[in-house]
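Next comes run_29.csv, a file with CSV, C-alpha atoms.
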```csv
chain,number,residue,atom,x,y,z
Z,106,MET,CA,29.6,-78.7,12.3
Z,107,THR,CA,31.8,-76.8,9.8
Z,108,LYS,CA,30.9,-73.3,8.8
Z,109,PHE,CA,32.0,-71.8,5.5
Z,110,LEU,CA,31.7,-68.1,4.6
Z,111,ILE,CA,31.1,-67.8,0.8
Z,112,ILE,CA,32.1,-64.7,-1.0
Z,113,GLY,CA,30.6,-63.8,-4.4
Z,114,ASP,CA,32.1,-62.1,-7.5
Z,115,LEU,CA,33.8,-58.9,-6.2
Z,116,HIS,CA,35.2,-57.3,-9.3
Z,117,GLY,CA,37.6,-55.1,-7.3
Z,118,ASN,CA,35.2,-54.3,-4.4
Z,119,LYS,CA,36.5,-55.2,-0.9
Z,120,PRO,CA,33.8,-57.4,0.7
Z,121,ASN,CA,31.8,-56.6,3.8
Z,122,ILE,CA,31.8,-59.6,6.2
Z,123,TYR,CA,28.5,-60.0,7.8
Z,124,PHE,CA,29.0,-63.4,9.4
Z,125,LYS,CA,31.6,-63.5,12.2
Z,126,ASP,CA,31.8,-67.2,13.1
Z,127,PHE,CA,33.2,-69.3,10.3
Z,128,ASP,CA,35.9,-72.0,9.9
Z,129,ALA,CA,37.0,-71.2,6.3
Z,130,ILE,CA,36.2,-69.0,3.4
Z,131,ILE,CA,35.1,-70.1,-0.1
Z,132,ALA,CA,35.7,-67.6,-3.0
Z,133,PRO,CA,34.9,-68.8,-6.5
Z,134,GLY,CA,36.8,-66.1,-8.3
Z,135,ASP,CA,36.6,-62.7,-10.1
Z,136,PHE,CA,38.7,-60.7,-7.6
Z,137,CYS,CA,40.0,-58.1,-10.0
Z,138,SER,CA,38.2,-55.0,-11.1
Z,139,ASP,CA,36.5,-54.7,-14.4
Z,140,ALA,CA,37.0,-51.3,-16.1
Z,141,PRO,CA,37.4,-53.0,-19.6
Z,142,ARG,CA,34.1,-54.8,-19.2
Z,143,LYS,CA,32.0,-52.5,-21.5
Z,144,PHE,CA,34.7,-52.6,-24.2
Z,145,MET,CA,34.7,-56.4,-24.0
Z,146,PHE,CA,31.0,-56.4,-24.6
Z,147,GLN,CA,31.4,-54.1,-27.6
Z,148,ALA,CA,34.1,-56.3,-29.1
Z,149,LEU,CA,32.0,-59.5,-28.5
Z,150,LYS,CA,28.9,-58.0,-30.1
Z,151,ALA,CA,30.9,-56.9,-33.2
Z,152,LYS,CA,32.5,-60.4,-33.5
Z,153,LEU,CA,29.1,-62.1,-33.1
Z,154,GLU,CA,27.9,-60.0,-36.1
Z,155,ASN,CA,31.0,-60.7,-38.1
Z,156,ASN,CA,32.9,-63.9,-37.3
Z,157,ASN,CA,35.9,-62.9,-39.4
Z,158,LEU,CA,36.5,-59.8,-37.4
Z,159,LYS,CA,39.7,-59.9,-35.3
Z,160,LEU,CA,38.9,-57.3,-32.6
Z,161,GLN,CA,39.9,-57.2,-28.9
Z,162,TRP,CA,38.7,-54.8,-26.2
Z,163,TYR,CA,42.2,-53.2,-26.1
Z,164,ASP,CA,41.9,-52.3,-29.8
Z,165,LEU,CA,38.9,-50.2,-28.9
Z,166,VAL,CA,40.5,-48.5,-25.9
Z,167,GLY,CA,44.1,-48.2,-27.2
Z,168,LYS,CA,46.9,-50.2,-25.6
Z,169,LYS,CA,48.3,-47.4,-23.5
Z,170,GLU,CA,45.0,-46.8,-21.7
Z,171,ALA,CA,44.3,-50.6,-21.7
Z,172,GLU,CA,47.5,-51.3,-19.8
Z,173,LYS,CA,46.6,-48.8,-17.1
Z,174,MET,CA,43.2,-50.5,-16.7
Z,175,PHE,CA,44.9,-53.9,-16.6
Z,176,LYS,CA,47.4,-52.9,-13.9
Z,177,LYS,CA,44.7,-51.3,-11.8
Z,178,SER,CA,42.6,-54.5,-12.1
Z,179,LEU,CA,45.5,-56.6,-10.8
Z,180,LYS,CA,46.2,-54.2,-7.9
Z,181,ASP,CA,42.6,-54.3,-6.9
Z,182,GLY,CA,42.4,-58.1,-7.0
Z,183,ARG,CA,45.6,-58.5,-5.0
Z,184,THR,CA,44.2,-56.1,-2.3
Z,185,ILE,CA,41.1,-58.2,-1.9
Z,186,LEU,CA,43.0,-61.5,-1.7
Z,187,LYS,CA,45.3,-60.0,1.0
Z,188,PHE,CA,42.3,-58.9,2.9
Z,189,LEU,CA,40.8,-62.4,2.8
Z,190,ASP,CA,44.1,-63.9,3.7
Z,191,SER,CA,44.2,-61.7,6.9
Z,192,PHE,CA,41.4,-63.7,8.5
Z,193,ASN,CA,43.8,-66.6,9.2
Z,194,VAL,CA,41.5,-69.3,8.1
Z,195,PRO,CA,41.8,-71.3,4.9
Z,196,VAL,CA,40.5,-69.4,1.8
Z,197,TYR,CA,39.6,-71.9,-0.9
Z,198,CYS,CA,39.7,-70.2,-4.3
Z,199,VAL,CA,39.4,-70.7,-8.0
Z,200,PRO,CA,40.3,-68.0,-10.6
Z,201,GLY,CA,37.5,-66.3,-12.4
Z,202,ASN,CA,37.5,-65.1,-15.9
Z,203,TRP,CA,38.6,-61.6,-14.6
Z,204,ASP,CA,41.6,-62.9,-12.8
Z,205,TRP,CA,44.0,-62.7,-15.7
Z,206,ILE,CA,45.1,-66.2,-16.6
Z,207,ASP,CA,46.2,-66.1,-20.2
Z,208,ARG,CA,43.2,-66.5,-22.5
Z,209,ASP,CA,45.1,-66.6,-25.8
Z,210,TYR,CA,45.4,-62.9,-26.1
Z,211,ASP,CA,47.7,-61.7,-28.9
Z,212,TRP,CA,49.0,-58.8,-26.8
Z,213,LYS,CA,52.1,-59.7,-24.8
Z,214,VAL,CA,51.1,-57.6,-21.8
Z,215,LEU,CA,48.1,-59.9,-21.1
Z,216,GLN,CA,49.9,-63.1,-21.8
Z,217,GLY,CA,50.8,-65.1,-18.6
Z,218,ASP,CA,49.3,-66.5,-15.5
Z,219,TYR,CA,48.8,-63.5,-13.3
Z,220,TYR,CA,46.5,-65.3,-10.9
Z,221,HIS,CA,49.1,-67.8,-9.7
Z,222,ASN,CA,52.2,-65.7,-10.3
Z,223,PHE,CA,50.9,-62.4,-8.7
Z,224,LEU,CA,47.4,-62.4,-7.2
Z,225,ILE,CA,47.7,-65.3,-4.8
Z,226,LYS,CA,51.5,-65.6,-4.6
Z,227,GLY,CA,52.9,-65.7,-1.1
Z,228,LEU,CA,49.5,-65.6,0.7
Z,229,LYS,CA,49.8,-68.4,3.2
Z,230,ASN,CA,46.0,-68.9,3.8
Z,231,ILE,CA,45.0,-68.9,0.1
Z,232,VAL,CA,44.3,-72.4,-1.1
Z,233,ASP,CA,44.2,-72.7,-4.9
Z,234,VAL,CA,41.6,-75.4,-6.0
Z,235,HIS,CA,41.7,-74.9,-9.7
Z,236,HIS,CA,41.8,-78.4,-11.4
Z,237,LYS,CA,43.0,-79.8,-8.1
Z,238,ARG,CA,41.7,-82.0,-5.3
Z,239,ILE,CA,42.3,-80.6,-1.8
Z,240,ASP,CA,41.7,-82.5,1.4
Z,241,ASN,CA,40.7,-80.3,4.4
Z,242,ASP,CA,40.3,-83.2,6.8
Z,243,LYS,CA,36.5,-83.6,6.8
Z,244,TYR,CA,35.8,-82.7,3.2
Z,245,GLU,CA,37.5,-82.6,-0.2
Z,246,PHE,CA,37.5,-79.6,-2.5
Z,247,ILE,CA,37.6,-80.0,-6.3
Z,248,GLY,CA,37.7,-76.9,-8.5
Z,249,HIS,CA,37.1,-75.7,-12.1
Z,250,GLY,CA,37.8,-72.0,-12.5
Z,251,ILE,CA,38.1,-69.4,-15.2
Z,252,THR,CA,35.2,-70.5,-17.4
Z,253,SER,CA,32.8,-67.7,-18.4
Z,254,GLY,CA,30.3,-69.6,-20.5
Z,255,PRO,CA,29.6,-73.1,-22.0
Z,256,GLU,CA,33.0,-74.7,-22.7
Z,257,TYR,CA,31.5,-76.0,-25.9
Z,258,PRO,CA,28.8,-74.1,-27.9
Z,259,GLN,CA,25.2,-75.1,-27.0
Z,260,LYS,CA,23.3,-72.8,-29.3
Z,261,LYS,CA,22.6,-73.6,-33.0
Z,262,GLU,CA,23.6,-70.1,-34.1
Z,263,ASP,CA,27.0,-70.5,-32.3
Z,264,LEU,CA,27.6,-73.9,-33.9
Z,265,LYS,CA,26.8,-72.4,-37.3
Z,266,ARG,CA,28.9,-69.3,-36.8
Z,267,LEU,CA,32.1,-71.1,-35.9
Z,268,LYS,CA,34.3,-72.8,-38.4
Z,269,PRO,CA,34.9,-76.6,-38.3
Z,270,LYS,CA,38.5,-76.1,-37.3
Z,271,GLU,CA,37.5,-73.8,-34.4
Z,272,LEU,CA,34.8,-76.2,-33.2
Z,273,LYS,CA,37.3,-79.1,-33.3
Z,274,SER,CA,39.8,-77.2,-31.2
Z,275,MET,CA,37.1,-76.1,-28.7
Z,276,LYS,CA,35.8,-79.7,-28.4
Z,277,LYS,CA,39.3,-81.0,-27.7
Z,278,GLU,CA,39.9,-78.4,-25.0
Z,279,TYR,CA,36.5,-79.0,-23.5
Z,280,GLU,CA,36.9,-82.7,-23.3
Z,281,GLY,CA,40.4,-82.4,-21.9
Z,282,GLN,CA,39.1,-80.1,-19.1
Z,283,TYR,CA,36.1,-82.3,-18.3
Z,284,ASN,CA,38.3,-85.5,-18.1
Z,285,LYS,CA,40.8,-83.7,-15.9
Z,286,VAL,CA,38.1,-82.6,-13.4
Z,287,SER,CA,36.2,-85.9,-13.6
Z,288,SER,CA,39.3,-87.9,-12.9
Z,289,LEU,CA,39.8,-86.0,-9.6
Z,290,PHE,CA,36.4,-87.3,-8.4
Z,291,LYS,CA,37.5,-90.9,-8.9
Z,292,LYS,CA,40.1,-90.5,-6.0
Z,293,THR,CA,37.7,-89.0,-3.5
Z,294,LYS,CA,36.8,-90.7,-0.2
Z,295,LYS,CA,35.0,-87.9,1.6
Z,296,PRO,CA,32.1,-85.6,0.8
Z,297,VAL,CA,33.0,-83.2,-2.0
Z,298,ILE,CA,32.6,-79.4,-2.2
Z,299,PHE,CA,32.8,-78.6,-5.9
Z,300,MET,CA,33.9,-75.1,-6.8
Z,301,SER,CA,33.1,-73.8,-10.3
Z,302,HIS,CA,33.7,-70.2,-11.2
Z,303,ASN,CA,30.6,-70.4,-13.4
Z,304,VAL,CA,27.4,-72.0,-12.2
Z,305,PRO,CA,26.0,-75.1,-14.0
Z,306,TYR,CA,24.5,-74.7,-17.4
Z,307,ASN,CA,20.7,-74.5,-18.1
Z,308,THR,CA,19.6,-74.2,-14.5
Z,309,PRO,CA,17.6,-71.5,-12.7
Z,310,ILE,CA,20.9,-69.7,-11.6
Z,311,ASP,CA,22.7,-69.3,-15.0
Z,312,LYS,CA,20.4,-67.1,-17.2
Z,313,ILE,CA,21.8,-63.8,-18.3
Z,314,ILE,CA,19.5,-60.9,-17.5
Z,315,ASN,CA,21.5,-57.9,-18.7
Z,316,LEU,CA,20.4,-55.6,-21.6
Z,317,ASP,CA,24.0,-54.5,-22.2
Z,318,SER,CA,25.1,-58.1,-22.8
Z,319,PRO,CA,24.9,-59.6,-26.4
Z,320,ARG,CA,23.9,-62.8,-24.6
Z,321,ASN,CA,20.9,-61.3,-22.8
Z,322,GLY,CA,18.2,-63.9,-22.2
Z,323,GLN,CA,20.4,-67.0,-22.7
Z,324,HIS,CA,21.5,-69.7,-20.3
Z,325,PHE,CA,25.2,-69.4,-20.2
Z,326,GLY,CA,26.6,-71.5,-17.4
Z,327,SER,CA,29.3,-74.1,-17.4
Z,328,VAL,CA,28.6,-77.3,-19.3
Z,329,ILE,CA,31.4,-79.1,-17.5
Z,330,ALA,CA,30.0,-78.1,-14.1
Z,331,LYS,CA,26.6,-79.5,-15.1
Z,332,GLN,CA,28.1,-82.8,-16.4
Z,333,ILE,CA,30.3,-83.2,-13.3
Z,334,ILE,CA,27.3,-82.7,-11.0
Z,335,LYS,CA,25.1,-85.2,-13.0
Z,336,LYS,CA,27.8,-87.8,-13.0
Z,337,HIS,CA,29.4,-87.5,-9.6
Z,338,GLN,CA,26.7,-85.8,-7.4
Z,339,PRO,CA,29.0,-83.7,-5.1
Z,340,LEU,CA,27.4,-82.6,-1.9
Z,341,VAL,CA,27.4,-79.0,-3.0
Z,342,CYS,CA,28.5,-76.9,-6.0
Z,343,ILE,CA,29.5,-73.3,-5.3
Z,344,GLY,CA,29.9,-70.8,-8.1
Z,345,GLY,CA,29.2,-67.2,-9.2
Z,346,HIS,CA,29.8,-65.4,-12.5
Z,347,MET,CA,26.1,-64.9,-13.2
Z,348,HIS,CA,25.5,-61.6,-11.3
Z,349,GLU,CA,21.8,-61.7,-11.8
Z,350,HIS,CA,21.2,-64.5,-9.3
Z,351,PHE,CA,21.9,-64.8,-5.6
Z,352,THR,CA,20.2,-68.0,-4.6
Z,353,LYS,CA,20.4,-71.8,-4.8
Z,354,CYS,CA,18.9,-74.7,-6.8
Z,355,LYS,CA,19.1,-78.4,-6.9
Z,356,VAL,CA,20.5,-80.6,-9.6
Z,357,GLY,CA,20.0,-84.3,-8.8
Z,358,LYS,CA,21.2,-84.6,-5.2
Z,359,THR,CA,23.6,-81.6,-5.4
Z,360,ILE,CA,22.7,-78.2,-4.0
Z,361,CYS,CA,24.1,-75.5,-6.3
Z,362,ILE,CA,24.8,-72.1,-4.9
Z,363,ASN,CA,25.2,-68.9,-6.9
Z,364,ALA,CA,27.2,-66.7,-4.5
Z,365,GLY,CA,26.0,-63.5,-6.2
Z,366,PHE,CA,27.9,-60.3,-7.0
Z,367,GLY,CA,29.4,-57.5,-5.0
Z,368,SER,CA,30.7,-56.5,-1.7
Z,369,TYR,CA,27.3,-56.6,0.0
Z,370,VAL,CA,26.5,-60.3,-0.3
Z,371,ASN,CA,27.6,-63.2,1.9
Z,372,VAL,CA,26.5,-66.8,2.2
Z,373,LEU,CA,27.0,-68.9,5.3
Z,374,LEU,CA,27.1,-72.7,4.6
Z,375,GLU,CA,26.9,-75.0,7.5
Z,376,ILE,CA,27.7,-78.7,7.0
Z,377,ASP,CA,27.7,-81.5,9.5
Z,378,ASP,CA,29.3,-84.7,8.2
Z,379,ASN,CA,27.6,-85.5,4.9
Z,380,LYS,CA,24.6,-83.2,5.3
Z,381,ILE,CA,24.0,-79.5,4.6
Z,382,LYS,CA,22.4,-78.2,7.8
Z,383,ASN,CA,21.8,-74.6,6.8
Z,384,ILE,CA,22.4,-72.1,4.1
Z,385,LYS,CA,22.0,-68.4,4.9
Z,386,PHE,CA,21.9,-65.8,2.2
Z,387,TYR,CA,22.5,-62.2,3.3
Z,388,LYS,CA,22.4,-59.1,1.3
Z,389,GLY,CA,23.5,-55.8,2.8
Z,390,LYS,CA,22.1,-52.3,2.1
Z,391,GLU,CA,23.3,-51.7,-1.5
Z,392,ASP,CA,21.9,-53.4,-4.6
Z,393,TYR,CA,24.4,-56.1,-5.6
Z,394,LEU,CA,23.3,-56.3,-9.2
Z,395,HIS,CA,25.8,-55.0,-11.7
```

Would you give me this structure, written as structure tokens?
Amino acid sequence: MTKFLIIGDLHGNKPNIYFKDFDAIIAPGDFCSDAPRKFMFQALKAKLENNNLKLQWYDLVGKKEAEKMFKKSLKDGRTILKFLDSFNVPVYCVPGNWDWIDRDYDWKVLQGDYYHNFLIKGLKNIVDVHHKRIDNDKYEFIGHGITSGPEYPQKKEDLKRLKPKELKSMKKEYEGQYNKVSSLFKKTKKPVIFMSHNVPYNTPIDKIINLDSPRNGQHFGSVIAKQIIKKHQPLVCIGGHMHEHFTKCKVGKTICINAGFGSYVNVLLEIDDNKIKNIKFYKGKEDYLH
């Protein structure tokens, strides 16, 4: 029997650990804190209303203040990863959309891979699974991090809003990432634990319920995760990103877990050979919803 402690999205909050007996930790990303979040929503809403608008969250805040927010976010994320590293068990991670891997920002300060080059650098127990296949003896881990929504637009209004050149570029990127992840499954010989920062698209665990979000009411999970699950049927898919849900569902033969949000949620996953024996969801005193 192997026991995995699963940590949800933390956004800068050091996790409480409620389960004391585990062999490894699984953390599907979003370690860094999120002070710019409301400004990102404002910029996104404005751009959805006017597709020609070139607006970023740091334009709303001002770059001096934005840089302070960014540096604090990184510091908070590093503190959390050092804490997880201190348990001296493997910590399987993928980066979340908050973990500052370059997302084509036009501001030099944000350009770069801060996840690999700062957040996890030098931490001996942190195992990066992003677009990799990692063998841990009994199981194999495959990861798909960063993604914060469908990798290719699924809504008619989004397809109409974007220009043909933009859609072509997005499709190329989406197909490239899918093929990269799918090819990793072709080499597996053991049960697979699939880690996706975002949970699979159009399932009970990916619907946005947040009145502050311009995407409120929409399913907004990962299309790649959904396709990978349907094609390869890993034993389990573990993700987060959608803070509204702290539960599981089933897609084909695959159990999909949304690890939830905040420092007061843990999941204990118990696997014996190729069977899930038990999944325990635990929520502490405070409300984990953002």

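The residue that comes closest to Z:Leu153, out of Z:Pro319, Z:Asn230, Z:His348, Z:Asn383 and on the basis of all atoms listed in the file, is Z:Pro319.
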
Sorted by chain and rising residue number, list the residues of stretch 331-373 of chain Z at most 10 Å from stretch 320-326 of chain Z (counting only C-alpha atoms), each with its closest atom pair and distance in Å to one decimal, as a Markdown table.
```
| residue | atom | partner | partner_atom | distance |
| --- | --- | --- | --- | --- |
| Z:Lys331 | CA | Z:Gly326 | CA | 8.3 |
| Z:Gly344 | CA | Z:Gly326 | CA | 9.9 |
| Z:Gly345 | CA | Z:Gly326 | CA | 9.6 |
| Z:His346 | CA | Z:Gly326 | CA | 8.5 |
| Z:Met347 | CA | Z:Gly326 | CA | 7.8 |
```

Skip Z:Tyr257 itself and residues of its chain fewer than 4 positions away, then list as a tab-separated table (two decimals) with C-alpha atoms, in the coordinates of the input all residues within 12 Å of it, counting only C-alpha atoms.
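What landed in part-v8.tsv:
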```
chain	number	residue	atom	x	y	z
Z	252	THR	CA	35.20	-70.50	-17.40
Z	253	SER	CA	32.80	-67.70	-18.40
Z	261	LYS	CA	22.60	-73.60	-33.00
Z	263	ASP	CA	27.00	-70.50	-32.30
Z	264	LEU	CA	27.60	-73.90	-33.90
Z	267	LEU	CA	32.10	-71.10	-35.90
Z	271	GLU	CA	37.50	-73.80	-34.40
Z	272	LEU	CA	34.80	-76.20	-33.20
Z	273	LYS	CA	37.30	-79.10	-33.30
Z	274	SER	CA	39.80	-77.20	-31.20
Z	275	MET	CA	37.10	-76.10	-28.70
Z	276	LYS	CA	35.80	-79.70	-28.40
Z	277	LYS	CA	39.30	-81.00	-27.70
Z	278	GLU	CA	39.90	-78.40	-25.00
Z	279	TYR	CA	36.50	-79.00	-23.50
Z	280	GLU	CA	36.90	-82.70	-23.30
Z	281	GLY	CA	40.40	-82.40	-21.90
Z	282	GLN	CA	39.10	-80.10	-19.10
Z	283	TYR	CA	36.10	-82.30	-18.30
Z	306	TYR	CA	24.50	-74.70	-17.40
Z	325	PHE	CA	25.20	-69.40	-20.20
Z	326	GLY	CA	26.60	-71.50	-17.40
Z	327	SER	CA	29.30	-74.10	-17.40
Z	328	VAL	CA	28.60	-77.30	-19.30
Z	329	ILE	CA	31.40	-79.10	-17.50
```

Practice task
Choose the residue, out of Z:Glu262, Z:Asp317, Z:Asp377, Z:Asp311, that has the smallest atom-to-atom separation from Z:Thr352; count only C-alpha atoms.
Solution key: Z:Asp311

Practice task
Can you work out the spacing between atom CA of Z:Lys159 and atom CA of Z:Ala140 in Å, to one decimal?
Solution key: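 Separating atom CA of Z:Lys159 from atom CA of Z:Ala140 is a distance of 21.2 Å.
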
Fill in the blank from the handout: Of Z:Ser368, Z:Gln216, Z:Asn156, Z:Gln332, the one sitting nearest Z:Ser287 when using all atoms listed in the file is Z:Gln332

Completion exercise
Counting only C-alpha atoms, the residue among Z:Lys125, Z:Lys187, Z:Arg266, Z:Lys237 that lies closest to Z:Lys108 is Z:Lys125

Practice task
Return the single residue from Z:Asp240, Z:Asp233, Z:Asp126, Z:Asp378 that is closest to Z:Gly201, with distances computed using all atoms listed in the file.
Solution key: Z:Asp233

Find the spatial neighbours of Z:Pro195, counting all atoms listed in the file, within a cut-off of 7 Å - ignore same-chain residues fewer than 5 positions away - and output them as a CSV table (one decimal) with C-alpha atoms, in the coordinates of the input.
```
chain,number,residue,atom,x,y,z
Z,129,ALA,CA,37.0,-71.2,6.3
Z,130,ILE,CA,36.2,-69.0,3.4
Z,230,ASN,CA,46.0,-68.9,3.8
Z,231,ILE,CA,45.0,-68.9,0.1
Z,232,VAL,CA,44.3,-72.4,-1.1
```

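Ranking Z:His116, Z:Lys173, Z:Arg183, Z:Lys380 by their shortest atom-to-atom distance to Z:Tyr219, with only C-alpha atoms included, puts Z:Arg183 first.
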
Handout entry: Close residues, Z:Asn121 itself excluded, 10 Å, all atoms listed in the file, min 6 positions apart in chain, as an NGL selection string
Key = :Z and (112 or 367-371 or 389)

What's around stretch 203-206 of chain Z at 7 Å? Count all atoms listed in the file, leave out sequence neighbours fewer than 3 positions away in its own chain, and write the answer as a CSV table (one decimal) with C-alpha atoms, in the frame of the given file.
```
chain,number,residue,atom,x,y,z
Z,135,ASP,CA,36.6,-62.7,-10.1
Z,136,PHE,CA,38.7,-60.7,-7.6
Z,137,CYS,CA,40.0,-58.1,-10.0
Z,200,PRO,CA,40.3,-68.0,-10.6
Z,217,GLY,CA,50.8,-65.1,-18.6
Z,218,ASP,CA,49.3,-66.5,-15.5
Z,219,TYR,CA,48.8,-63.5,-13.3
Z,220,TYR,CA,46.5,-65.3,-10.9
```

Exercise for the section: One decimal, Å: what's the distance from atom CA of Z:Lys312 over to atom CA of Z:Pro255, could you say? Expected result: 12.0 Å

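Straight-line separation from atom CA of Z:Tyr210 to atom CA of Z:Ile251: 14.6 Å.
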
Exercise for the section: Write out as a list in words which residues come within 9 Å of Z:Gly357 when counting all atoms listed in the file, dropping same-chain ones fewer than 3 positions away. Expected result: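 Everything that qualifies: Ile334, Lys335, Gln338 and Ile360 of chain Z.
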
Exercise for the section: Taking the point (31.1, -67.7, 1.4) as given in the file, collect each protein or nucleic acid residue that comes within 12 Å of it, counting all atoms listed in the file, and present the set as a PyMOL selection string. Expected result: chain Z and resi 108-115+120-134+189+195-198+300+343-345+351+362-366+368-375+384-387

Assuming the input is short of atoms at stretch 202-218 of chain Z, produce N, CA and C atoms for that part as a PDB file, keeping the file's coordinate frame.
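Wrote it out as out_34.pdb, contents follow:
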```
ATOM      1  N   ASN Z 202      37.089 -65.516 -14.608  1.00  0.00           N
ATOM      2  CA  ASN Z 202      37.500 -65.100 -15.900  1.00  0.00           C
ATOM      3  C   ASN Z 202      38.102 -63.653 -15.889  1.00  0.00           C
ATOM      4  N   TRP Z 203      37.952 -62.939 -14.731  1.00  0.00           N
ATOM      5  CA  TRP Z 203      38.600 -61.600 -14.600  1.00  0.00           C
ATOM      6  C   TRP Z 203      39.937 -61.654 -13.933  1.00  0.00           C
ATOM      7  N   ASP Z 204      40.421 -62.841 -13.618  1.00  0.00           N
ATOM      8  CA  ASP Z 204      41.600 -62.900 -12.800  1.00  0.00           C
ATOM      9  C   ASP Z 204      42.900 -63.183 -13.604  1.00  0.00           C
ATOM     10  N   TRP Z 205      42.851 -62.871 -14.883  1.00  0.00           N
ATOM     11  CA  TRP Z 205      44.000 -62.700 -15.700  1.00  0.00           C
ATOM     12  C   TRP Z 205      44.943 -63.921 -15.812  1.00  0.00           C
ATOM     13  N   ILE Z 206      44.316 -65.067 -16.079  1.00  0.00           N
ATOM     14  CA  ILE Z 206      45.100 -66.200 -16.600  1.00  0.00           C
ATOM     15  C   ILE Z 206      44.991 -66.155 -18.077  1.00  0.00           C
ATOM     16  N   ASP Z 207      46.089 -66.292 -18.738  1.00  0.00           N
ATOM     17  CA  ASP Z 207      46.200 -66.100 -20.200  1.00  0.00           C
ATOM     18  C   ASP Z 207      45.044 -66.775 -20.936  1.00  0.00           C
ATOM     19  N   ARG Z 208      44.291 -65.974 -21.684  1.00  0.00           N
ATOM     20  CA  ARG Z 208      43.200 -66.500 -22.500  1.00  0.00           C
ATOM     21  C   ARG Z 208      43.463 -66.318 -23.969  1.00  0.00           C
ATOM     22  N   ASP Z 209      44.660 -66.662 -24.361  1.00  0.00           N
ATOM     23  CA  ASP Z 209      45.100 -66.600 -25.800  1.00  0.00           C
ATOM     24  C   ASP Z 209      45.007 -65.217 -26.377  1.00  0.00           C
ATOM     25  N   TYR Z 210      45.307 -64.211 -25.567  1.00  0.00           N
ATOM     26  CA  TYR Z 210      45.400 -62.900 -26.100  1.00  0.00           C
ATOM     27  C   TYR Z 210      46.636 -62.752 -26.993  1.00  0.00           C
ATOM     28  N   ASP Z 211      46.532 -61.932 -28.026  1.00  0.00           N
ATOM     29  CA  ASP Z 211      47.700 -61.700 -28.900  1.00  0.00           C
ATOM     30  C   ASP Z 211      48.549 -60.561 -28.482  1.00  0.00           C
ATOM     31  N   TRP Z 212      48.195 -59.924 -27.385  1.00  0.00           N
ATOM     32  CA  TRP Z 212      49.000 -58.800 -26.800  1.00  0.00           C
ATOM     33  C   TRP Z 212      49.824 -59.311 -25.696  1.00  0.00           C
ATOM     34  N   LYS Z 213      51.120 -59.121 -25.787  1.00  0.00           N
ATOM     35  CA  LYS Z 213      52.100 -59.700 -24.800  1.00  0.00           C
ATOM     36  C   LYS Z 213      51.805 -59.308 -23.402  1.00  0.00           C
ATOM     37  N   VAL Z 214      51.340 -58.079 -23.185  1.00  0.00           N
ATOM     38  CA  VAL Z 214      51.100 -57.600 -21.800  1.00  0.00           C
ATOM     39  C   VAL Z 214      50.127 -58.495 -21.066  1.00  0.00           C
ATOM     40  N   LEU Z 215      49.155 -59.057 -21.759  1.00  0.00           N
ATOM     41  CA  LEU Z 215      48.100 -59.900 -21.100  1.00  0.00           C
ATOM     42  C   LEU Z 215      48.461 -61.364 -21.110  1.00  0.00           C
ATOM     43  N   GLN Z 216      49.562 -61.728 -21.719  1.00  0.00           N
ATOM     44  CA  GLN Z 216      49.900 -63.100 -21.800  1.00  0.00           C
ATOM     45  C   GLN Z 216      50.653 -63.562 -20.521  1.00  0.00           C
ATOM     46  N   GLY Z 217      50.155 -64.582 -19.880  1.00  0.00           N
ATOM     47  CA  GLY Z 217      50.800 -65.100 -18.600  1.00  0.00           C
ATOM     48  C   GLY Z 217      49.717 -65.398 -17.613  1.00  0.00           C
ATOM     49  N   ASP Z 218      50.147 -66.090 -16.577  1.00  0.00           N
ATOM     50  CA  ASP Z 218      49.300 -66.500 -15.500  1.00  0.00           C
ATOM     51  C   ASP Z 218      49.437 -65.590 -14.305  1.00  0.00           C
TER      52      ASP Z 218
END
```
